[in-house]
Structures are given as C-alpha cells and as structure tokens.
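What follows is the content of upload29.cif, which has mmCIF, C-alpha atoms and all ligand atoms:
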```cif
data_entry
#
loop_
_atom_site.group_PDB
_atom_site.id
_atom_site.type_symbol
_atom_site.label_atom_id
_atom_site.label_comp_id
_atom_site.auth_asym_id
_atom_site.auth_seq_id
_atom_site.Cartn_x
_atom_site.Cartn_y
_atom_site.Cartn_z
ATOM 1 C CA MET A 1 52.994 7.815 -17.680
ATOM 2 C CA ALA A 2 49.783 6.124 -16.598
ATOM 3 C CA LEU A 3 49.469 2.658 -15.108
ATOM 4 C CA ASP A 4 48.799 0.022 -17.711
ATOM 5 C CA PRO A 5 46.538 -2.587 -16.041
ATOM 6 C CA LYS A 6 46.083 -4.380 -19.375
ATOM 7 C CA ARG A 7 49.789 -5.137 -19.386
ATOM 8 C CA THR A 8 49.409 -6.703 -15.938
ATOM 9 C CA VAL A 9 46.580 -8.953 -17.158
ATOM 10 C CA GLU A 10 48.676 -9.925 -20.194
ATOM 11 C CA GLU A 11 51.606 -10.787 -17.938
ATOM 12 C CA LEU A 12 49.383 -12.843 -15.651
ATOM 13 C CA LYS A 13 48.241 -14.811 -18.694
ATOM 14 C CA GLU A 14 51.850 -15.229 -19.794
ATOM 15 C CA LEU A 15 52.747 -16.607 -16.374
ATOM 16 C CA ARG A 16 49.746 -18.918 -16.441
ATOM 17 C CA ALA A 17 50.781 -20.308 -19.817
ATOM 18 C CA LEU A 18 54.354 -20.803 -18.621
ATOM 19 C CA THR A 19 53.680 -22.405 -15.216
ATOM 20 C CA GLY A 20 50.134 -23.774 -15.291
ATOM 21 C CA ASP A 21 48.231 -26.584 -16.940
ATOM 22 C CA GLU A 22 44.542 -27.345 -17.578
ATOM 23 C CA ASN A 23 44.025 -27.805 -13.797
ATOM 24 C CA GLY A 24 45.490 -24.447 -12.782
ATOM 25 C CA ALA A 25 48.715 -22.905 -11.485
ATOM 26 C CA GLN A 26 51.476 -25.400 -10.553
ATOM 27 C CA ARG A 27 53.997 -23.037 -8.953
ATOM 28 C CA VAL A 28 54.519 -24.989 -5.735
ATOM 29 C CA ALA A 29 57.454 -23.445 -3.842
ATOM 30 C CA TRP A 30 60.876 -25.120 -4.117
ATOM 31 C CA THR A 31 59.977 -26.869 -7.378
ATOM 32 C CA ASP A 32 61.406 -26.281 -10.857
ATOM 33 C CA THR A 33 58.137 -24.677 -11.994
ATOM 34 C CA TRP A 34 58.344 -22.148 -9.162
ATOM 35 C CA LEU A 35 61.955 -21.364 -10.058
ATOM 36 C CA LYS A 36 60.888 -20.930 -13.659
ATOM 37 C CA ALA A 37 58.240 -18.389 -12.570
ATOM 38 C CA ARG A 38 60.829 -16.439 -10.600
ATOM 39 C CA GLU A 39 63.259 -16.457 -13.498
ATOM 40 C CA TRP A 40 60.492 -15.182 -15.766
ATOM 41 C CA PHE A 41 59.718 -12.419 -13.279
ATOM 42 C CA ALA A 42 63.393 -11.434 -13.053
ATOM 43 C CA GLY A 43 63.396 -11.048 -16.843
ATOM 44 C CA LYS A 44 60.610 -8.446 -16.517
ATOM 45 C CA LEU A 45 62.951 -6.199 -14.514
ATOM 46 C CA ALA A 46 65.334 -5.559 -17.411
ATOM 47 C CA GLY A 47 65.757 -1.832 -18.052
ATOM 48 C CA LEU A 48 64.226 -0.738 -14.738
ATOM 49 C CA PRO A 49 66.455 1.300 -12.359
ATOM 50 C CA VAL A 50 66.106 -1.318 -9.611
ATOM 51 C CA GLU A 51 68.270 -3.555 -7.433
ATOM 52 C CA HIS A 52 67.224 -7.227 -7.309
ATOM 53 C CA HIS A 53 68.229 -9.947 -4.847
ATOM 54 C CA TYR A 54 66.990 -12.963 -2.894
ATOM 55 C CA ASP A 55 67.345 -12.783 0.889
ATOM 56 C CA ALA A 56 68.536 -15.550 3.230
ATOM 57 C CA ALA A 57 65.064 -17.126 3.327
ATOM 58 C CA GLY A 58 64.615 -17.005 -0.442
ATOM 59 C CA ASN A 59 62.332 -13.954 -0.463
ATOM 60 C CA ASN A 60 62.612 -12.085 -3.740
ATOM 61 C CA TRP A 61 63.283 -8.330 -3.393
ATOM 62 C CA VAL A 62 63.150 -5.604 -6.046
ATOM 63 C CA THR A 63 64.160 -2.177 -4.779
ATOM 64 C CA LEU A 64 63.702 1.202 -6.436
ATOM 65 C CA PRO A 65 65.836 3.493 -4.254
ATOM 66 C CA GLY A 66 64.230 6.843 -3.423
ATOM 67 C CA LYS A 67 65.438 10.154 -1.997
ATOM 68 C CA SER A 68 64.559 8.783 1.424
ATOM 69 C CA GLU A 69 65.671 5.355 2.650
ATOM 70 C CA LYS A 70 62.236 4.932 4.194
ATOM 71 C CA ALA A 71 60.668 2.127 2.235
ATOM 72 C CA LEU A 72 57.149 1.299 1.124
ATOM 73 C CA LEU A 73 56.874 -2.478 0.693
ATOM 74 C CA ILE A 74 54.435 -3.970 -1.809
ATOM 75 C CA GLY A 75 54.081 -7.717 -1.423
ATOM 76 C CA GLY A 76 52.775 -10.916 -2.900
ATOM 77 C CA HIS A 77 53.840 -14.449 -3.708
ATOM 78 C CA LEU A 78 54.559 -16.197 -6.976
ATOM 79 C CA ASP A 79 54.183 -19.650 -5.411
ATOM 80 C CA SER A 80 50.818 -21.386 -5.654
ATOM 81 C CA VAL A 81 49.064 -24.440 -4.295
ATOM 82 C CA PRO A 82 48.785 -27.364 -6.756
ATOM 83 C CA ASN A 83 45.995 -26.540 -9.247
ATOM 84 C CA GLY A 84 45.934 -22.981 -7.879
ATOM 85 C CA GLY A 85 44.091 -19.934 -9.196
ATOM 86 C CA TRP A 86 45.833 -17.710 -11.725
ATOM 87 C CA LEU A 87 45.502 -14.562 -9.576
ATOM 88 C CA ASP A 88 46.271 -15.651 -6.004
ATOM 89 C CA GLY A 89 49.598 -14.096 -5.053
ATOM 90 C CA SER A 90 50.758 -13.359 -8.579
ATOM 91 C CA LEU A 91 48.254 -10.533 -9.074
ATOM 92 C CA ASN A 92 49.888 -8.838 -6.078
ATOM 93 C CA VAL A 93 53.397 -9.218 -7.488
ATOM 94 C CA LEU A 94 52.605 -8.160 -11.042
ATOM 95 C CA ALA A 95 50.424 -5.223 -10.001
ATOM 96 C CA ALA A 96 53.314 -4.143 -7.764
ATOM 97 C CA LEU A 97 55.684 -4.381 -10.717
ATOM 98 C CA GLU A 98 53.379 -2.150 -12.760
ATOM 99 C CA ILE A 99 53.297 0.395 -9.923
ATOM 100 C CA LEU A 100 57.095 0.287 -9.760
ATOM 101 C CA ARG A 101 57.367 0.964 -13.494
ATOM 102 C CA ARG A 102 55.006 3.911 -13.215
ATOM 103 C CA ILE A 103 56.754 5.432 -10.192
ATOM 104 C CA ALA A 104 60.188 4.982 -11.784
ATOM 105 C CA VAL A 105 59.119 7.011 -14.832
ATOM 106 C CA GLU A 106 57.134 9.621 -12.923
ATOM 107 C CA PHE A 107 60.035 10.493 -10.620
ATOM 108 C CA GLY A 108 62.870 10.039 -13.115
ATOM 109 C CA GLY A 109 64.101 6.902 -11.328
ATOM 110 C CA LYS A 110 64.244 8.600 -7.889
ATOM 111 C CA PRO A 111 60.906 8.713 -6.020
ATOM 112 C CA PRO A 112 60.580 10.598 -2.698
ATOM 113 C CA VAL A 113 60.631 7.301 -0.766
ATOM 114 C CA THR A 114 62.159 3.927 -1.557
ATOM 115 C CA VAL A 115 59.711 1.455 -3.069
ATOM 116 C CA ARG A 116 60.302 -2.300 -2.718
ATOM 117 C CA VAL A 117 58.417 -5.198 -4.269
ATOM 118 C CA VAL A 118 58.666 -8.468 -2.362
ATOM 119 C CA ASP A 119 57.676 -11.929 -3.577
ATOM 120 C CA TRP A 120 57.580 -14.025 -0.391
ATOM 121 C CA ALA A 121 59.088 -17.502 -0.582
ATOM 122 C CA ASP A 122 56.687 -20.375 0.104
ATOM 123 C CA GLU A 123 53.698 -18.385 1.308
ATOM 124 C CA GLU A 124 51.378 -21.320 0.655
ATOM 125 C CA GLY A 125 53.283 -24.131 2.381
ATOM 126 C CA ALA A 126 51.779 -26.544 -0.137
ATOM 127 C CA ARG A 127 54.689 -28.989 -0.246
ATOM 128 C CA PHE A 128 55.829 -29.156 3.384
ATOM 129 C CA GLY A 129 52.705 -27.995 5.245
ATOM 130 C CA ARG A 130 54.377 -24.846 6.587
ATOM 131 C CA SER A 131 52.785 -21.706 5.158
ATOM 132 C CA LEU A 132 54.250 -18.164 5.450
ATOM 133 C CA LEU A 133 57.768 -19.632 5.514
ATOM 134 C CA GLY A 134 59.663 -16.706 3.972
ATOM 135 C CA SER A 135 57.548 -13.972 5.527
ATOM 136 C CA SER A 136 58.008 -15.561 8.985
ATOM 137 C CA ALA A 137 61.777 -15.473 8.534
ATOM 138 C CA PHE A 138 61.481 -11.791 7.581
ATOM 139 C CA ALA A 139 59.308 -11.112 10.644
ATOM 140 C CA GLY A 140 61.747 -12.947 12.928
ATOM 141 C CA THR A 141 59.282 -15.703 13.800
ATOM 142 C CA ALA A 142 60.884 -18.570 11.858
ATOM 143 C CA SER A 143 60.643 -22.045 13.424
ATOM 144 C CA ILE A 144 63.828 -23.548 12.009
ATOM 145 C CA ALA A 145 64.221 -26.634 14.222
ATOM 146 C CA ALA A 146 60.647 -27.771 13.602
ATOM 147 C CA ASP A 147 60.713 -26.969 9.896
ATOM 148 C CA ARG A 148 64.025 -28.386 8.708
ATOM 149 C CA VAL A 149 62.887 -31.996 9.295
ATOM 150 C CA ARG A 150 59.510 -31.623 7.603
ATOM 151 C CA THR A 151 59.181 -33.946 4.622
ATOM 152 C CA ASP A 152 57.107 -33.808 1.471
ATOM 153 C CA ARG A 153 55.013 -36.686 0.091
ATOM 154 C CA ASP A 154 58.116 -38.276 -1.476
ATOM 155 C CA GLY A 155 60.100 -38.116 1.767
ATOM 156 C CA THR A 156 62.333 -35.207 0.701
ATOM 157 C CA LYS A 157 63.369 -33.120 3.703
ATOM 158 C CA MET A 158 62.528 -29.438 3.658
ATOM 159 C CA GLU A 159 66.123 -28.543 4.464
ATOM 160 C CA GLU A 160 67.289 -30.410 1.341
ATOM 161 C CA ALA A 161 64.622 -28.944 -0.942
ATOM 162 C CA LEU A 162 65.603 -25.435 0.153
ATOM 163 C CA ARG A 163 69.300 -26.160 -0.337
ATOM 164 C CA ARG A 164 68.581 -27.254 -3.897
ATOM 165 C CA CYS A 165 67.239 -23.735 -4.473
ATOM 166 C CA GLY A 166 70.283 -22.111 -2.845
ATOM 167 C CA VAL A 167 68.633 -21.421 0.531
ATOM 168 C CA GLU A 168 70.218 -22.547 3.837
ATOM 169 C CA ILE A 169 67.602 -22.821 6.573
ATOM 170 C CA ASP A 170 70.160 -21.967 9.273
ATOM 171 C CA ARG A 171 70.610 -18.548 7.711
ATOM 172 C CA PHE A 172 66.893 -17.657 7.986
ATOM 173 C CA PRO A 173 67.447 -15.139 10.826
ATOM 174 C CA GLU A 174 69.451 -12.970 8.411
ATOM 175 C CA ALA A 175 66.232 -12.254 6.492
ATOM 176 C CA THR A 176 65.162 -9.873 9.290
ATOM 177 C CA ARG A 177 67.725 -7.402 7.878
ATOM 178 C CA GLU A 178 65.213 -6.631 5.146
ATOM 179 C CA GLN A 179 63.012 -4.955 7.768
ATOM 180 C CA LYS A 180 65.455 -2.058 7.819
ATOM 181 C CA SER A 181 63.779 1.224 6.821
ATOM 182 C CA ALA A 182 60.433 -0.437 6.100
ATOM 183 C CA VAL A 183 57.640 1.932 7.119
ATOM 184 C CA ALA A 184 54.567 0.516 5.405
ATOM 185 C CA TYR A 185 53.388 -2.657 3.698
ATOM 186 C CA ILE A 186 50.568 -2.954 1.203
ATOM 187 C CA GLU A 187 49.298 -5.853 -0.823
ATOM 188 C CA LEU A 188 46.622 -6.250 -3.487
ATOM 189 C CA HIS A 189 45.002 -9.683 -3.244
ATOM 190 C CA ILE A 190 42.215 -11.470 -5.036
ATOM 191 C CA GLU A 191 39.319 -12.029 -2.637
ATOM 192 C CA GLN A 192 39.210 -15.678 -1.602
ATOM 193 C CA GLY A 193 35.549 -15.668 -0.563
ATOM 194 C CA PRO A 194 32.254 -14.570 -2.142
ATOM 195 C CA VAL A 195 31.565 -11.405 -0.088
ATOM 196 C CA LEU A 196 32.608 -8.574 -2.433
ATOM 197 C CA GLU A 197 31.024 -10.276 -5.401
ATOM 198 C CA ARG A 198 27.754 -10.567 -3.490
ATOM 199 C CA MET A 199 27.962 -6.864 -2.614
ATOM 200 C CA ASN A 200 28.828 -6.043 -6.215
ATOM 201 C CA LEU A 201 31.992 -4.232 -5.111
ATOM 202 C CA PRO A 202 35.185 -4.384 -7.198
ATOM 203 C CA LEU A 203 37.605 -3.501 -4.405
ATOM 204 C CA ALA A 204 37.799 -3.041 -0.638
ATOM 205 C CA THR A 205 40.372 -2.700 2.105
ATOM 206 C CA VAL A 206 40.754 -5.469 4.653
ATOM 207 C CA LEU A 207 39.772 -4.855 8.273
ATOM 208 C CA GLY A 208 42.525 -7.092 9.620
ATOM 209 C CA THR A 209 43.747 -10.659 9.665
ATOM 210 C CA LYS A 210 41.629 -13.194 11.468
ATOM 211 C CA GLY A 211 43.227 -15.054 14.334
ATOM 212 C CA VAL A 212 42.851 -18.828 14.341
ATOM 213 C CA GLU A 213 42.126 -21.480 16.975
ATOM 214 C CA ARG A 214 43.001 -24.777 15.283
ATOM 215 C CA HIS A 215 42.736 -28.090 17.096
ATOM 216 C CA ALA A 216 42.829 -31.821 16.486
ATOM 217 C CA ILE A 217 40.139 -33.496 18.558
ATOM 218 C CA THR A 218 39.836 -37.198 19.324
ATOM 219 C CA PHE A 219 36.452 -38.423 20.505
ATOM 220 C CA HIS A 220 36.667 -41.702 22.412
ATOM 221 C CA GLY A 221 33.607 -43.961 22.597
ATOM 222 C CA GLN A 222 33.263 -47.719 22.548
ATOM 223 C CA GLU A 223 33.463 -49.936 19.534
ATOM 224 C CA ALA A 224 30.451 -52.253 19.429
ATOM 225 C CA HIS A 225 28.469 -54.470 17.073
ATOM 226 C CA SER A 226 25.919 -52.489 15.077
ATOM 227 C CA GLY A 227 23.356 -55.296 15.240
ATOM 228 C CA SER A 228 23.535 -56.544 18.793
ATOM 229 C CA THR A 229 24.228 -53.362 20.795
ATOM 230 C CA PRO A 230 20.987 -51.619 21.905
ATOM 231 C CA MET A 231 20.784 -47.869 21.354
ATOM 232 C CA ASN A 232 20.783 -47.120 25.091
ATOM 233 C CA ALA A 233 24.012 -49.087 25.608
ATOM 234 C CA ARG A 234 26.110 -47.223 23.071
ATOM 235 C CA ARG A 235 28.981 -44.792 23.430
ATOM 236 C CA ASP A 236 29.176 -43.528 19.867
ATOM 237 C CA ALA A 237 32.219 -41.326 19.207
ATOM 238 C CA LEU A 238 30.803 -40.069 15.909
ATOM 239 C CA ALA A 239 27.620 -38.874 17.634
ATOM 240 C CA ALA A 240 29.753 -36.691 19.898
ATOM 241 C CA ALA A 241 31.656 -35.264 16.919
ATOM 242 C CA ALA A 242 28.422 -34.677 14.994
ATOM 243 C CA LYS A 243 26.960 -32.791 17.947
ATOM 244 C CA LEU A 244 29.963 -30.487 18.000
ATOM 245 C CA ALA A 245 29.809 -29.976 14.226
ATOM 246 C CA LEU A 246 26.287 -28.573 14.598
ATOM 247 C CA GLU A 247 27.049 -26.675 17.788
ATOM 248 C CA ILE A 248 29.911 -24.641 16.258
ATOM 249 C CA ARG A 249 27.526 -23.253 13.654
ATOM 250 C CA THR A 250 25.445 -21.698 16.415
ATOM 251 C CA ILE A 251 28.586 -20.490 18.187
ATOM 252 C CA ALA A 252 29.940 -18.746 15.062
ATOM 253 C CA ARG A 253 26.633 -17.116 14.148
ATOM 254 C CA LYS A 254 26.630 -15.079 17.352
ATOM 255 C CA HIS A 255 29.357 -12.886 15.806
ATOM 256 C CA PRO A 256 29.149 -11.058 12.452
ATOM 257 C CA ASP A 257 32.534 -12.099 11.013
ATOM 258 C CA ALA A 258 33.289 -15.291 12.928
ATOM 259 C CA VAL A 259 33.640 -18.665 11.235
ATOM 260 C CA CYS A 260 33.940 -22.198 12.647
ATOM 261 C CA THR A 261 34.720 -25.303 10.617
ATOM 262 C CA MET A 262 35.140 -28.998 11.218
ATOM 263 C CA GLY A 263 36.863 -29.908 7.970
ATOM 264 C CA SER A 264 38.005 -33.453 8.656
ATOM 265 C CA VAL A 265 36.320 -36.358 10.425
ATOM 266 C CA LYS A 266 37.760 -39.880 10.465
ATOM 267 C CA THR A 267 35.943 -42.788 12.087
ATOM 268 C CA PHE A 268 37.427 -45.975 13.534
ATOM 269 C CA PRO A 269 37.038 -48.821 12.853
ATOM 270 C CA GLY A 270 35.152 -47.113 10.009
ATOM 271 C CA ILE A 271 33.074 -50.078 8.869
ATOM 272 C CA VAL A 272 29.364 -50.430 8.239
ATOM 273 C CA THR A 273 28.796 -53.022 10.980
ATOM 274 C CA ALA A 274 30.403 -51.219 13.946
ATOM 275 C CA VAL A 275 29.465 -48.377 16.285
ATOM 276 C CA VAL A 276 32.264 -45.796 16.014
ATOM 277 C CA GLY A 277 34.732 -46.339 18.841
ATOM 278 C CA ARG A 278 37.033 -43.472 17.998
ATOM 279 C CA CYS A 279 36.590 -40.364 15.886
ATOM 280 C CA GLU A 280 39.380 -37.982 14.920
ATOM 281 C CA ALA A 281 38.242 -34.531 13.873
ATOM 282 C CA THR A 282 39.651 -31.063 13.283
ATOM 283 C CA LEU A 283 38.298 -27.746 14.531
ATOM 284 C CA ASP A 284 39.167 -24.384 12.951
ATOM 285 C CA GLN A 285 37.731 -21.170 14.437
ATOM 286 C CA ARG A 286 38.518 -17.646 13.257
ATOM 287 C CA ASP A 287 37.686 -14.078 14.142
ATOM 288 C CA LEU A 288 39.260 -10.629 13.948
ATOM 289 C CA ASP A 289 38.792 -10.061 17.676
ATOM 290 C CA HIS A 290 41.047 -11.917 20.095
ATOM 291 C CA ALA A 291 38.411 -11.925 22.853
ATOM 292 C CA VAL A 292 35.671 -13.198 20.533
ATOM 293 C CA LEU A 293 37.974 -15.967 19.330
ATOM 294 C CA GLY A 294 38.864 -17.047 22.867
ATOM 295 C CA GLY A 295 35.178 -17.029 23.795
ATOM 296 C CA MET A 296 34.258 -19.173 20.817
ATOM 297 C CA PHE A 297 36.841 -21.789 21.733
ATOM 298 C CA ARG A 298 35.569 -21.854 25.326
ATOM 299 C CA GLU A 299 32.051 -22.366 24.031
ATOM 300 C CA ALA A 300 33.201 -25.168 21.751
ATOM 301 C CA ARG A 301 34.900 -26.848 24.712
ATOM 302 C CA GLU A 302 31.742 -26.515 26.770
ATOM 303 C CA ALA A 303 29.768 -28.056 23.923
ATOM 304 C CA MET A 304 32.187 -31.003 24.005
ATOM 305 C CA TYR A 305 31.789 -31.362 27.787
ATOM 306 C CA GLY A 306 28.009 -31.158 27.653
ATOM 307 C CA GLY A 307 25.715 -33.836 26.305
ATOM 308 C CA VAL A 308 27.432 -36.969 25.157
ATOM 309 C CA VAL A 309 30.925 -35.953 26.137
ATOM 310 C CA ALA A 310 32.049 -36.824 29.636
ATOM 311 C CA HIS A 311 35.710 -36.033 29.686
ATOM 312 C CA LEU A 312 37.916 -33.598 27.835
ATOM 313 C CA GLU A 313 41.606 -33.133 28.011
ATOM 314 C CA HIS A 314 43.277 -30.247 26.182
ATOM 315 C CA ARG A 315 46.995 -30.303 25.531
ATOM 316 C CA ALA A 316 48.615 -27.840 23.135
ATOM 317 C CA ASP A 317 46.511 -28.249 20.000
ATOM 318 C CA ARG A 318 45.183 -31.691 20.911
ATOM 319 C CA VAL A 319 41.809 -32.190 22.535
ATOM 320 C CA ARG A 320 40.711 -35.544 23.885
ATOM 321 C CA CYS A 321 37.037 -36.271 24.480
ATOM 322 C CA GLU A 322 35.347 -39.273 26.067
ATOM 323 C CA ALA A 323 31.897 -40.043 24.736
ATOM 324 C CA ALA A 324 29.550 -40.899 27.627
HETATM 325 ZN ZN ZN B 1 47.760 -15.461 -1.666
#
```
In structure tokens, how does this file's structure come out?
Ligand SMILES: [Zn+2]
Amino acid sequence: MALDPKRTVEELKELRALTGDENGAQRVAWTDTWLKAREWFAGKLAGLPVEHHYDAAGNNWVTLPGKSEKALLIGGHLDSVPNGGWLDGSLNVLAALEILRRIAVEFGGKPPVTVRVVDWADEEGARFGRSLLGSSAFAGTASIAADRVRTDRDGTKMEEALRRCGVEIDRFPEATREQKSAVAYIELHIEQGPVLERMNLPLATVLGTKGVERHAITFHGQEAHSGSTPMNARRDALAAAAKLALEIRTIARKHPDAVCTMGSVKTFPGIVTAVVGRCEATLDQRDLDHAVLGGMFREAREAMYGGVVAHLEHRADRVRCEAA
C-alpha cells in the first residue's frame, strides 16, 4: 500500500471546515473547538491496530506496537493560534497518521519498531502565554508553580481551564513516562518563513532550533515640554530605543542565520506635546549557535551603553536603561 497524500490534504480541509472560520483556524488549546478537533482525530483511528490515550499533561498518543519496544515518535500539534494557518501543526499530525496507516498495512500490523504519533497539548500557548506546555511536561521541564496561576483574557486560571479538559497540572511530571523506549523523533512542519519558497525548494531538513535571548527593556529619559525644551537639553527615551532598533540590524547581519527584533515599543506619556520620558521595548535575538547568540546580546548591551544611554541594569529578563 502506498501513501495517499491526497487523503491527508482532504483531511486537512475537513479539519479546517470543522474548526476554522473565514479568518483561519480557531483551535486554541483548552477550548471546545480544540476538543472537537481532537475528537475528530480520534474518530480517524477507527479500524487501525493502535492504542490511543492522553497522558497526564493532555498530550495525545497513538501507538502502533512493533516487534521492538523501541519507538519512533512522529509529532505535531492540533492546537492553533487564533486565526491560525490551516497547516501549522495539523499537517504534522495528519501526515503522521497517513504514515501510520501505511506502516500498519505494510507490516501486517506489526512493524519492526514501535511507531507513535503524538499531538502535543498546547504547543502554541495562545490562551495563557505559555507555549510548549505539553511537550515541556514530557521533557521533564514543566514549570507548574508559575503556570497554574496564569490567567487568560477573561481571568480564567490555567489550572481551571486544564481541569475542565480532564488534566490536573499537579500530575504533569507523570508525562515523562512517555519517554520510555523513545529513540527518535521526527516532525513534518510547514515552513513559517519565506526561505524555501525563495529557493524554489519543496522540502528541507532543519539544521537545529534557534536559541532565544528575549528581554524587556525600559529606557528612562526625562519627560519635557515639546515646545519649550531645547534640543540640547533633552533626554529622550525614544531616541535611545530607536538607536538600539537600528543597531540590532547591524548586529544580526554579521551572522548568516541570526535575527534580531524589537517587536514592541511603548512611549510614556505618549502624547504629541511631550518628549518621551520612558520607553518600554522588547528585544528578541535568535541564532543556532550558543556563542553567537551570547555575543549578539553583549553587543546589544554595548549599543545600549554607548551613545545616548548612560546606565544599564540587567536583571533576569529585564533591562533598565537611562537615557543621557
Ligand atoms: Zn507548529
């Protein structure tokens, strides 16, 4: 039996019709629409010689036992961000299902190794701002104390939202049991950038996962009247932030795969007639190489020290700058 990729595309369209609207996929984790997607997926398993269960963190496991207990894991996530794409995460899961079907037939229900499809719970973190929730529990890096009290926009606690879906956050550590016998993990994912398309390539393997330096930076200047304060008497917090925003472009371009982004800038008092006294910004830097990443953050800090910035204090992920 050959793989039937057309069936996968049809199923992706089915899922889109069931759990999306004109703005895109609406399968935000721990919502009814997400549960509906999972129920739909469970229905697709009928007739396959597989075992199906949800682990203590809500990860969704489908296991085709093989002659060896050693397991190949194929992963994805059915959850989406609000207005998400129709392929992100679900392509992985449904392609994995198609592979499972094919292997089950080819080996008469008993492949040489065990094959497991996993749909990670809350990979996106769209509702509570904590991505990789289920996969972290699996990896043994859950942050239960910090996560249980997170709230969504309506004030619902994460702990309560999970409980509604039958998941107890205190039992997260039990999800590490699923690591047993796992020897390899693969995942097919839609490319989230423009690189392959530009190269006219349909498929590629990833080189790794980029590490991230992510910081909230507050630039402190002095609020002043925009009409009566001469240019040489100003301490403009936005000017300091703007300087950094340009500087990080130069910093990133020194490395082939590095990226640096200032995605959010808020000014205070934020009115047309005042020099900006305080500016809150975010910095996000990424690279595959740990040393490159560390170097880029050092350079960004130096850029903050130099020029208009006189003082910088760095605590955890908070950076404080004084505009000179
Ligand atoms: Zn994804």
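When all atoms listed in the file are used to compute distances to A:Asp79, the closest of the residues A:Arg116, A:Lys36, A:Arg27, A:Arg127 turns out to be A:Arg27.
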* Structure fact -> ligand ZN 1 (chain B) proximity check over A:Gln192, A:Gln26, A:Ser68, A:Thr31, using only C-alpha atoms and all ligand atoms: winner is A:Gln192
Might I get the box with edges along x, y and z of the file that holds all atoms of stretch 265-277 of chain A listed there, padded by 5 Å on every side, given as centre and edge lengths in Å to one decimal, as lines of an AutoDock Vina configuration file?
```
center_x = 33.3
center_y = -44.7
center_z = 13.5
size_x = 19.0
size_y = 26.7
size_z = 20.6
```
* **Contacts to ligand ZN 1 (chain B) at 8 Å cut-off (all atoms listed in the file) as a VMD selection string** => chain A and resid 76 to 77 80 88 to 90 123 to 124 189 to 190
Near stretch 151-164 of chain A, 10 Å: stretch 107-132 of chain A residue rows, closest pairs, all atoms listed in the file, as JSON lines:
```
{"residue": "A:Ala126", "atom": "CA", "partner": "A:Asp152", "partner_atom": "CA", "distance": 9.2}
{"residue": "A:Arg127", "atom": "CA", "partner": "A:Asp152", "partner_atom": "CA", "distance": 5.7}
{"residue": "A:Phe128", "atom": "CA", "partner": "A:Asp152", "partner_atom": "CA", "distance": 5.2}
{"residue": "A:Gly129", "atom": "CA", "partner": "A:Asp152", "partner_atom": "CA", "distance": 8.2}
{"residue": "A:Arg130", "atom": "CA", "partner": "A:Met158", "partner_atom": "CA", "distance": 9.8}
```
Contacts of A:Val259 at 9 Å (only C-alpha atoms; same-chain gap of 2+ positions) as an mmCIF file with C-alpha atoms, in the coordinates of the input:
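Dumped to out_36.cif:
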```cif
data_model
loop_
_atom_site.group_PDB
_atom_site.id
_atom_site.type_symbol
_atom_site.label_atom_id
_atom_site.label_comp_id
_atom_site.auth_asym_id
_atom_site.auth_seq_id
_atom_site.Cartn_x
_atom_site.Cartn_y
_atom_site.Cartn_z
ATOM 1 C CA ILE A 248 29.911 -24.641 16.258
ATOM 2 C CA ARG A 249 27.526 -23.253 13.654
ATOM 3 C CA ILE A 251 28.586 -20.490 18.187
ATOM 4 C CA ALA A 252 29.940 -18.746 15.062
ATOM 5 C CA ARG A 253 26.633 -17.116 14.148
ATOM 6 C CA HIS A 255 29.357 -12.886 15.806
ATOM 7 C CA PRO A 256 29.149 -11.058 12.452
ATOM 8 C CA ASP A 257 32.534 -12.099 11.013
ATOM 9 C CA THR A 261 34.720 -25.303 10.617
ATOM 10 C CA ASP A 284 39.167 -24.384 12.951
ATOM 11 C CA GLN A 285 37.731 -21.170 14.437
ATOM 12 C CA ARG A 286 38.518 -17.646 13.257
ATOM 13 C CA ASP A 287 37.686 -14.078 14.142
#
```
* Let me know the residues the PyMOL selection byres (((chain A and resi 265) around 8) and not hetatm) catches in the file above, as a PyMOL selection string. => chain A and resi 262-264+266-267+279-282
* Please provide the set of residues having any atom within 9 Å of A:Leu132, restricted to all atoms listed in the file, with same-chain residues fewer than 3 positions apart removed, written as number ranges by chain. => A: 120-125, 135-137
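Computed from the coordinates, the atom CA of A:Asp119 to atom CA of A:Ser181 distance equals 17.8 Å.
Across A:Ala29, A:Ala57, A:Leu244, A:Leu94, the tightest approach to A:Lys44 is made by A:Leu94 when counting only C-alpha atoms.
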* For atom CA of A:Trp86 and atom CA of A:Asn23, the interatomic separation in Å (one decimal) -> 10.5 Å
